[in-house]
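Have a look at the structure below, then the notes.
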Amino acid sequence: MSDDPRHPFLQGLSKHRGTPPTVIVIFGASGDLTARKLIPAIFNLAYDNLLPADFFLVGYGRKDIPHEEFRGIALGAIKEFSRRELNAEVWNRVAANTTYIAGGYDEPEAFRRLAAHIESLEKTLGRDVQTLFYISTPPSVFAPILRNLGACGLAARHLGNSLHTKVIIEKPFGKDLESAVALNGVIREVLEEHQVYRIDHYLGKETVQDLLVQRFSNSIFEPLWNRNYIDHVQITVSEEVGVGTRGGYYEQSGALRDMIQNHTMQLVALTAMEPPVSLDAEAVRNEKVKVLKAIQPLDLAPGGDVVRAQYASGMIGGKGARGYLDEDGIAAQSGTETYAAIRLSINNWRWQGVPFYLRSGKRMARRVTEIAVQFKRPPGTLFAEGGRFDLAPNTLSFQIQPDEGLSLILNGKVPGLETRTQPVKMNFRYSATYGSNTPEAYERLVLDAMIGDGTLFIRGDEAETSWKLYTPVLKAWAAAGREGMDSYPAGSWGPPGAESLMAKTGHVWRQP
Ligand code: BG6
């Protein structure tokens with residue numbers, strides 16, 4: 001028996017993974033993301049012994065909160081949101097090195113105090129530490145934070161050795177191409193690209209990482225992974241939730257910015273990219289950028305490549321649900337889409353002529369994220385019944401969440417004296433093989449940033465390439481207002497326009 005107390009599939013993995021002594025500073029320390037994701041991630045990393053022995057947590061925010069009160073807030077967050085129950089001994093170790101600094105984001109003096117605080121931690125410890133800044137604030141203060149990190153010398157701390165400063169930047173990374181380019185410009189004023197970790201939390205999901213493992217560690221897939229055998233790919237990222245209390249944010253965002261441009265495009269890139277020469281961050285990201293650049297500009301005409309819609313009232317889980325326009329904080333004639341469907345054409349050797357269909361929406365029938373790769377039908381009519389050739393196409397689907405797993409639809413013979421075919425499903429479920437308490441995305445991402453592994457983060461040119469594709473769509477939609485906005489009842493699989501988008505090429509959306 002192993003003496004490693006961690007979950008069986010973490011056993012044998014090296015602890016600490018060489019993580020240097022670290023101080024994590026969270027900007028936006030009293031915000032929602034800090035409570036729901038960041039503090040629980042830090043607690044779970046501590047639980048798994050994956051934090052360095054010398055680890056400090058500094059909360060930074062506008063509110064004036066005494067150290068002790070911040071520790072109390074963090075404790076509450078672990079109790080409420082952690083995937084594991086609180087373990088007082090583990091938390092006390094982290095809490096002993098947890099402090100809070102109050103300050104504005106455009107206040108150079110406060111940043112100097114922060115710098116002095118970090119230096120005093122180093123002094124007490126008697127050795128240098130690396131600083132990881134986590135910018136988890138509204139995007140309006142990303143630029144002032146970055147500039148202040150530059151101005152007070154924090155950005156360049158230990159630059160040139162392995163303890164150099166690192167900065168994690170939460171989404172949204174810009175709201176269109178222009179703002180993403182501007183933000184990258186501010187970043188370049190104060191940081192080198194290797195110091196920057198742009199978050200897309202989908203990359204931290206186990207199943208998203210498994211995509212590359214499935215594709216490149218199984219020799220049965222690669223020979224088939226191209227236009228000769230694949231008919232089309234469908235990616236669904238649907239949610240049951242509506243906009244809830246986030247109406248103010250969502251009105252400025254919409255499904256295209258909130259889900260398609262970032263999370264869904266990461267799924268496209270990982271499904272479609274060429275094999276990288278190594279798993280090194282640059283090798284992987286070079287291939288992702290290459291395939292994103294091969295995507296053709298979208299046809300924005302009615303009946304073209306894009307569909308947008310808003311949810312109307314309907315039923316979710318047996319209960320009535322309001323339409324988008326009746327939600328709190330939503331303009332009466334809002335032109336914000338809660339659903340988008342897109343057809344992508346990737347113009348390269350591997351994918352020419354293979355459409356990639358994407359759809360994402362709020363208030364849909366079920367929460368599911370799935371990538372379904374549909375293969376071409378086999379030739380011939382051996383199993384045609386009454387002249388009808390209706391074998392189901394083989395479909396490989398990656399179930400990203402929930403019920404994480406992988407399934408393959410094959411045709412088989414129905415037992416009996418006649419020869420009748422029927423689609424059958426081979427299933428792999430993570431929970432059945434590994435148990436259900438897998439690390440959360442943010443645990444992996446925080447750990448990787450501490451270690452300095454940027455593979456699961458977005459590079460500057462990657463963000464810009466994706467915005468370049470979608471900015472014309474955003475502009476066209478903004479100019480059109482509500483004209484051309486389709487509608488779907490809450491609790492359904494989307495608007496009729498999305499069915500037509502597929503029907504033009506003889507395809508239909510799968511029922512995930
Ligand atoms: C966030 C979006 O990035 O992702 C939310 O802003 C969305 O609107 C969320 O609900 C979905 O994330 P997950 O991990 O629950 O699929």
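Each chain in the structure tokens gets a letter, A, B, ..., in the order shown, and its residues are numbered from 1; ligands are numbered from 1 in order too.
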Quiz item: Could you pull the residues within 10 Å of region 156-161 of chain A, counting only C-alpha atoms, minus those fewer than 4 positions along the same chain, as a PyMOL selection string?
Solution: chain A and resi 115+128-131+149-152+165-166+190-192+195
Quiz prompt | Spatial neighbours of region 345-353 of chain A, 10 Å, only C-alpha atoms, chain gap at least 4 places, as an MDAnalysis selection string | solution = chainID A and resid 225:228 230:232 272:274 290:298 305 357
Excluding Gln333 (chain A) and any residue of its chain fewer than 2 positions from it, enumerate the residues within 12 Å of it, using only C-alpha atoms, and give them as an mmCIF file with N, CA, C and O atoms, in the first residue's frame.
data_model
loop_
_atom_site.group_PDB
_atom_site.id
_atom_site.type_symbol
_atom_site.label_atom_id
_atom_site.label_comp_id
_atom_site.auth_asym_id
_atom_site.auth_seq_id
_atom_site.Cartn_x
_atom_site.Cartn_y
_atom_site.Cartn_z
ATOM 1 N N GLU A 251 -24.762 42.116 -20.276
ATOM 2 C CA GLU A 251 -25.234 43.049 -21.305
ATOM 3 C C GLU A 251 -24.069 43.584 -22.145
ATOM 4 O O GLU A 251 -24.212 43.884 -23.315
ATOM 5 N N GLN A 310 -31.727 35.120 -28.433
ATOM 6 C CA GLN A 310 -31.951 35.391 -27.002
ATOM 7 C C GLN A 310 -32.975 34.396 -26.473
ATOM 8 O O GLN A 310 -33.890 34.023 -27.212
ATOM 9 N N TYR A 324 -34.935 36.506 -21.360
ATOM 10 C CA TYR A 324 -33.773 37.368 -21.107
ATOM 11 C C TYR A 324 -34.183 38.813 -20.874
ATOM 12 O O TYR A 324 -33.694 39.468 -19.956
ATOM 13 N N LEU A 325 -35.113 39.299 -21.694
ATOM 14 C CA LEU A 325 -35.482 40.719 -21.585
ATOM 15 C C LEU A 325 -36.175 41.042 -20.258
ATOM 16 O O LEU A 325 -36.255 42.200 -19.868
ATOM 17 N N ASP A 326 -36.662 40.011 -19.572
ATOM 18 C CA ASP A 326 -37.303 40.247 -18.270
ATOM 19 C C ASP A 326 -36.365 40.021 -17.095
ATOM 20 O O ASP A 326 -36.763 40.124 -15.940
ATOM 21 N N GLY A 329 -31.628 43.895 -14.686
ATOM 22 C CA GLY A 329 -30.480 44.621 -15.235
ATOM 23 C C GLY A 329 -30.357 44.533 -16.745
ATOM 24 O O GLY A 329 -29.307 44.867 -17.307
ATOM 25 N N ILE A 330 -31.398 44.065 -17.423
ATOM 26 C CA ILE A 330 -31.323 43.911 -18.877
ATOM 27 C C ILE A 330 -32.164 45.004 -19.550
ATOM 28 O O ILE A 330 -33.322 45.228 -19.166
ATOM 29 N N ALA A 331 -31.594 45.647 -20.562
ATOM 30 C CA ALA A 331 -32.308 46.717 -21.266
ATOM 31 C C ALA A 331 -33.534 46.149 -21.962
ATOM 32 O O ALA A 331 -33.505 45.022 -22.472
ATOM 33 N N GLY A 335 -29.883 44.191 -27.330
ATOM 34 C CA GLY A 335 -29.408 43.504 -28.534
ATOM 35 C C GLY A 335 -28.320 42.497 -28.191
ATOM 36 O O GLY A 335 -27.536 42.088 -29.051
ATOM 37 N N THR A 336 -28.241 42.093 -26.905
ATOM 38 C CA THR A 336 -27.193 41.149 -26.486
ATOM 39 C C THR A 336 -27.661 39.717 -26.718
ATOM 40 O O THR A 336 -28.748 39.340 -26.278
ATOM 41 N N GLU A 337 -26.829 38.923 -27.351
ATOM 42 C CA GLU A 337 -27.201 37.528 -27.624
ATOM 43 C C GLU A 337 -26.872 36.634 -26.432
ATOM 44 O O GLU A 337 -25.834 36.804 -25.803
ATOM 45 N N GLY A 481 -28.427 46.023 -34.124
ATOM 46 C CA GLY A 481 -29.352 46.069 -32.970
ATOM 47 C C GLY A 481 -30.052 44.733 -32.826
ATOM 48 O O GLY A 481 -29.405 43.697 -32.802
ATOM 49 N N ARG A 482 -31.381 44.786 -32.786
ATOM 50 C CA ARG A 482 -32.118 43.527 -32.597
ATOM 51 C C ARG A 482 -32.498 42.855 -33.930
ATOM 52 O O ARG A 482 -33.055 41.769 -33.943
ATOM 53 N N GLU A 483 -32.170 43.517 -35.007
ATOM 54 C CA GLU A 483 -32.554 42.966 -36.309
ATOM 55 C C GLU A 483 -31.777 41.666 -36.567
ATOM 56 O O GLU A 483 -30.552 41.628 -36.441
ATOM 57 N N MET A 485 -32.097 39.027 -34.745
ATOM 58 C CA MET A 485 -31.950 38.271 -33.485
ATOM 59 C C MET A 485 -33.009 37.171 -33.454
ATOM 60 O O MET A 485 -34.196 37.437 -33.524
#
Practice problem: Name the residues in contact with region 400-409 of chain A at a cut-off of 7 Å, using only C-alpha atoms, excluding same-chain residues fewer than 3 positions from it; report them as number ranges by chain. | Solution: A: 207-208, 368-370, 394-397, 423-430
Exercise. Could you tell me which of A:His117, A:Arg444, A:Arg147, A:Arg308 comes closest to Glu189 (chain A) if we count only C-alpha atoms?
Key: A:Arg147
Exercise. Pick out the closest residue to Ser162 (chain A) from this set: A:Ile458, A:Val354, A:Pro21, A:Phe43. Count only C-alpha atoms.
Key: A:Pro21
Using only C-alpha atoms and all ligand atoms, find each residue of chain A with at least one atom at most 10 Å away from an atom of ligand 1; report its shortest atom-to-atom pair and that distance in Å (one decimal), sort the rows by chain and rising residue number, and return the result as a Markdown table.
| residue | atom | partner | partner_atom_place_in_ligand_line | distance |
| --- | --- | --- | --- | --- |
| A:Glu170 | CA | ligand 1 | 3 (O) | 9.5 |
| A:Lys171 | CA | ligand 1 | 3 (O) | 7.2 |
| A:Pro172 | CA | ligand 1 | 3 (O) | 8.0 |
| A:Ile199 | CA | ligand 1 | 3 (O) | 9.7 |
| A:Asp200 | CA | ligand 1 | 3 (O) | 7.6 |
| A:His201 | CA | ligand 1 | 14 (O) | 6.9 |
| A:Tyr202 | CA | ligand 1 | 14 (O) | 6.4 |
| A:Leu203 | CA | ligand 1 | 14 (O) | 10.0 |
| A:Gly204 | CA | ligand 1 | 14 (O) | 9.5 |
| A:Lys205 | CA | ligand 1 | 14 (O) | 8.1 |
| A:Val237 | CA | ligand 1 | 16 (O) | 7.6 |
| A:Ser238 | CA | ligand 1 | 16 (O) | 8.4 |
| A:Glu239 | CA | ligand 1 | 10 (O) | 7.0 |
| A:Glu240 | CA | ligand 1 | 10 (O) | 9.2 |
| A:Val241 | CA | ligand 1 | 10 (O) | 7.4 |
| A:Gly242 | CA | ligand 1 | 10 (O) | 8.5 |
| A:Val243 | CA | ligand 1 | 8 (O) | 7.4 |
| A:Gly244 | CA | ligand 1 | 8 (O) | 9.8 |
| A:Arg246 | CA | ligand 1 | 8 (O) | 8.5 |
| A:Tyr249 | CA | ligand 1 | 6 (O) | 9.0 |
| A:Tyr250 | CA | ligand 1 | 8 (O) | 7.8 |
| A:Ser253 | CA | ligand 1 | 6 (O) | 8.8 |
| A:Gly254 | CA | ligand 1 | 8 (O) | 8.7 |
| A:Ala255 | CA | ligand 1 | 8 (O) | 8.0 |
| A:Arg257 | CA | ligand 1 | 6 (O) | 8.8 |
| A:Asp258 | CA | ligand 1 | 6 (O) | 5.2 |
| A:Met259 | CA | ligand 1 | 2 (C) | 6.2 |
| A:Ile260 | CA | ligand 1 | 3 (O) | 9.9 |
| A:Asn262 | CA | ligand 1 | 3 (O) | 8.3 |
| A:His263 | CA | ligand 1 | 3 (O) | 7.3 |
| A:Thr338 | CA | ligand 1 | 8 (O) | 9.8 |
| A:Gly361 | CA | ligand 1 | 8 (O) | 9.3 |
| A:Lys362 | CA | ligand 1 | 10 (O) | 7.9 |
| A:Arg367 | CA | ligand 1 | 16 (O) | 8.3 |
| A:Val368 | CA | ligand 1 | 16 (O) | 8.2 |
| A:Thr369 | CA | ligand 1 | 16 (O) | 7.3 |
| A:Ile400 | CA | ligand 1 | 16 (O) | 9.0 |
| A:Gln401 | CA | ligand 1 | 16 (O) | 7.5 |
| A:Pro402 | CA | ligand 1 | 16 (O) | 9.0 |
| A:Glu440 | CA | ligand 1 | 14 (O) | 9.4 |
| A:Ala441 | CA | ligand 1 | 14 (O) | 8.2 |
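The shell of residues at most 10 Å from Ala449 (chain A), with only C-alpha atoms counted and near chain neighbours (fewer than 2 positions) removed, consists of Thr19, Leu132, Phe133, Tyr134, Lys166, Val167, Ile168, Gln195, Val196, Tyr197, Arg198, Arg444, Leu445, Val446, Leu447, Ile451, Gly452, Asp453, Gly454, Thr455, Leu456 and Phe457 of chain A.
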For the residues in that selection, give me C-alpha atoms as a CSV table (one decimal), in the first residue's frame.
chain,number,residue,atom,x,y,z
A,19,THR,CA,7.8,25.0,-7.1
A,132,LEU,CA,2.9,35.6,-8.6
A,133,PHE,CA,0.3,38.4,-9.1
A,134,TYR,CA,-3.2,37.2,-9.8
A,166,LYS,CA,4.8,36.2,-12.9
A,167,VAL,CA,1.4,37.7,-13.6
A,168,ILE,CA,-1.9,35.8,-14.1
A,195,GLN,CA,6.0,36.3,-17.4
A,196,VAL,CA,2.4,36.5,-18.5
A,197,TYR,CA,-0.3,33.8,-17.9
A,198,ARG,CA,-3.6,34.7,-19.5
A,444,ARG,CA,-3.9,23.1,-12.0
A,445,LEU,CA,-3.6,26.6,-13.4
A,446,VAL,CA,-2.3,28.2,-10.2
A,447,LEU,CA,0.2,25.4,-9.8
A,451,ILE,CA,6.1,26.4,-11.7
A,452,GLY,CA,6.4,28.6,-14.8
A,453,ASP,CA,4.6,26.3,-17.3
A,454,GLY,CA,2.5,28.4,-19.7
A,455,THR,CA,1.2,25.5,-21.8
A,456,LEU,CA,-2.4,25.9,-20.4
A,457,PHE,CA,-2.5,29.7,-20.8
Exercise. Pick out each residue of region 80-271 of chain A that DSSP on the backbone tags as helix (DSSP H, G or I); I need them as a ChimeraX atom specification.
Key: /A:80-81,88-95,108-125,139-151,177-190,193-195,201-204,206-217,222-224,247-251,255-271
Write the residues you've just listed into a file as a short mmCIF file (atom, residue, chain, number, x, y, z; two decimals), in the first residue's frame, and include C-alpha atoms for each of them.
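Contents of the output file result.cif:
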data_model
loop_
_atom_site.label_atom_id
_atom_site.label_comp_id
_atom_site.auth_asym_id
_atom_site.auth_seq_id
_atom_site.Cartn_x
_atom_site.Cartn_y
_atom_site.Cartn_z
CA GLU A 80 -18.57 27.05 1.25
CA PHE A 81 -16.82 26.37 -2.03
CA ALA A 88 -8.03 22.82 9.94
CA GLU A 89 -4.43 21.69 10.14
CA VAL A 90 -3.86 22.25 6.41
CA TRP A 91 -5.58 25.62 6.43
CA ASN A 92 -3.80 26.83 9.57
CA ARG A 93 -0.48 26.31 7.80
CA VAL A 94 -1.59 28.58 4.95
CA ALA A 95 -3.39 31.04 7.24
CA PRO A 108 1.25 54.18 -6.75
CA GLU A 109 1.74 54.71 -3.02
CA ALA A 110 -0.27 51.56 -2.21
CA PHE A 111 1.84 49.56 -4.65
CA ARG A 112 4.98 50.80 -2.94
CA ARG A 113 3.53 49.56 0.35
CA LEU A 114 2.85 46.23 -1.31
CA ALA A 115 6.44 46.08 -2.56
CA ALA A 116 7.74 46.85 0.93
CA HIS A 117 5.48 44.13 2.35
CA ILE A 118 6.86 41.53 -0.07
CA GLU A 119 10.40 42.58 0.75
CA SER A 120 9.70 42.23 4.46
CA LEU A 121 8.38 38.69 3.90
CA GLU A 122 11.60 37.86 2.06
CA LYS A 123 13.68 39.39 4.81
CA THR A 124 11.95 37.42 7.55
CA LEU A 125 12.32 34.24 5.54
CA PRO A 139 -11.00 44.51 -16.65
CA SER A 140 -11.23 48.29 -16.30
CA VAL A 141 -8.34 48.20 -13.81
CA PHE A 142 -6.09 45.66 -15.58
CA ALA A 143 -4.04 48.44 -17.19
CA PRO A 144 -3.51 50.58 -14.06
CA ILE A 145 -2.47 47.51 -12.07
CA LEU A 146 0.02 46.47 -14.73
CA ARG A 147 1.44 49.99 -15.00
CA ASN A 148 1.80 50.28 -11.23
CA LEU A 149 3.55 46.91 -11.07
CA GLY A 150 5.96 48.35 -13.60
CA ALA A 151 6.36 51.73 -11.92
CA LEU A 177 -9.44 43.00 -31.36
CA GLU A 178 -8.60 46.63 -30.69
CA SER A 179 -8.86 46.39 -26.89
CA ALA A 180 -6.94 43.08 -26.82
CA VAL A 181 -4.13 44.64 -28.87
CA ALA A 182 -4.13 47.65 -26.51
CA LEU A 183 -3.95 45.41 -23.43
CA ASN A 184 -1.12 43.39 -24.95
CA GLY A 185 0.60 46.73 -25.54
CA VAL A 186 0.35 47.67 -21.84
CA ILE A 187 1.61 44.22 -20.90
CA ARG A 188 4.62 44.63 -23.17
CA GLU A 189 5.44 47.99 -21.53
CA VAL A 190 6.09 46.26 -18.20
CA GLU A 193 5.69 37.54 -22.58
CA HIS A 194 7.10 34.59 -20.62
CA GLN A 195 6.02 36.33 -17.38
CA HIS A 201 -10.16 28.21 -17.18
CA TYR A 202 -11.35 25.63 -19.74
CA LEU A 203 -7.70 24.73 -20.30
CA GLY A 204 -7.44 23.73 -16.65
CA GLU A 206 -9.00 17.57 -16.89
CA THR A 207 -11.04 16.56 -19.91
CA VAL A 208 -9.72 19.44 -22.00
CA GLN A 209 -6.17 18.36 -21.25
CA ASP A 210 -7.18 14.81 -22.04
CA LEU A 211 -8.03 15.90 -25.60
CA LEU A 212 -4.36 16.16 -26.49
CA VAL A 213 -3.57 12.91 -24.72
CA GLN A 214 -6.33 11.07 -26.58
CA ARG A 215 -5.34 12.52 -29.92
CA PHE A 216 -1.61 12.07 -29.66
CA SER A 217 -1.15 8.98 -27.54
CA GLU A 222 -4.24 10.13 -36.10
CA PRO A 223 -4.68 8.31 -39.46
CA LEU A 224 -8.40 9.15 -39.38
CA GLY A 247 -27.04 41.09 -15.99
CA GLY A 248 -24.85 44.21 -15.89
CA TYR A 249 -21.77 42.32 -16.99
CA TYR A 250 -23.59 40.14 -19.48
CA GLU A 251 -25.23 43.05 -21.30
CA ALA A 255 -22.45 34.63 -25.72
CA LEU A 256 -19.89 35.36 -28.41
CA ARG A 257 -17.51 37.23 -26.09
CA ASP A 258 -18.34 35.29 -22.94
CA MET A 259 -18.03 31.73 -24.26
CA ILE A 260 -17.32 31.39 -27.99
CA GLN A 261 -14.31 33.64 -28.55
CA ASN A 262 -12.41 32.10 -25.63
CA HIS A 263 -13.53 28.75 -24.17
CA THR A 264 -15.11 27.30 -27.30
CA MET A 265 -12.24 28.40 -29.54
CA GLN A 266 -9.79 26.67 -27.21
CA LEU A 267 -11.74 23.47 -27.81
CA VAL A 268 -11.56 24.09 -31.56
CA ALA A 269 -7.81 24.70 -31.41
CA LEU A 270 -7.07 21.55 -29.42
CA THR A 271 -9.30 19.42 -31.66
#
